[in-house]
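What follows is one structure encoded as structure tokens, with my remarks underneath.
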There are 2 protein chains.
Amino acid sequence: MGGILVSGEKKRITVDIHNRSYTVVGTESESHVKLVASLVDQKMKEIQQMNQSLDTTSLAVLTAVNAVNDYMKLKEEYATLLGSLKGKEDK
Amino acid sequence: MGGILVSGEKKRITVDIHNRSYTVVGTESESHVKLVASLVDQKMKEIQQMNQSLDTTSLAVLTAVNAVNDYMKLKEEYATLLGSLKGKEDK
């Protein structure tokens with residue numbers, strides 16, 4: 001995984017997620033980083049609604065688990081699509 | 001985002017991430033959930049190495065931010081590839 005990092009010499013953007021401020025460092029535009037942050041914030045809220053006894057760390061970890069799971073599923077779909085594209089090229 | 005949830009009537013799988021246990025509920029296989037958990041754990045360690053003053057919540061939130069960012073980038077690439085595939089079909 002890359003793109004947005006927490007340290008480095010790149011642009012620093014501050015975002016609010018679940019009532020706390022985080023500094024995100026990377027090459028992405030501010031609007032992109034704010035969009036990503038709002039999606040993470042929203043996902044944490046969704047998980048909290050399903051289980052209101054979870055602390056912030058658990059919400060954050062489970063949000064990360066969901067996001068990585070979604071990424072892996074999409075990566076599989078991407079590979080399948082790429083395979084289908086190559087199949088057509090070979091014809 | 002979907003697939004792995006924290007509540008519901010589905011399979012419950014316990015994973016260790018950053019020295020704590022979490023129960024993940026979903027339809028995924030145990031091996032898949034353990035793989036996702038190990039990726040999250042690894043990413044949290046990587047971010048910690050870059051900034052050792054971060055607490056567990058921050059590490060997890062920033063891991064989620066990275067994963068959602070990766071997901072969005074891959075989704076764009078997927079859409080581009082799909083467009084290219086459709087272009088070929090039209091020929």
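The chains in the structure tokens are called A, B, ... from first to last as shown; in each chain the residues are counted from 1, and the ligands are counted from 1 in the order shown.
Within chain B, DSSP run on the backbone puts these residues in strand (DSSP E or B): Ile4, Leu5, Lys11, Arg12, Ile13, Thr14, Val15, Asp16, Ile17, Arg20, Ser21, Tyr22, Thr23, Val24, Val25 and Gly26 of chain B.
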**Message:** Please find the residues of chain A near chain B - the criterion being any atom within 8 Å, counting only C-alpha atoms - and write them as a PyMOL selection string.
**Reply:** chain A and resi 1-7+17+22+24+36-37+39-40+43+47+50-51+56-58+60-71+74-75+78+81-82+85
**Request:** Please give the root-mean-square deviation of the Cα atoms once chain A has been least-squares fitted onto chain B, pairing every Cα in order.
**Result:** 0.2 Å
**Request:** Run DSSP on the backbone of this structure and report the residues of stretch 6-57 of chain B it assigns to alpha helix (DSSP H), as number ranges by chain.
**Result:** B: 30-50, 56-57
**Request:** Can you work out the spacing between atom CA of A:Gly83 and atom CA of B:Gly26 in Å, to one decimal?
**Result:** 28.4 Å
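Put simply, atom CA of B:Gln42 is 19.1 Å away from atom CA of A:Val25.
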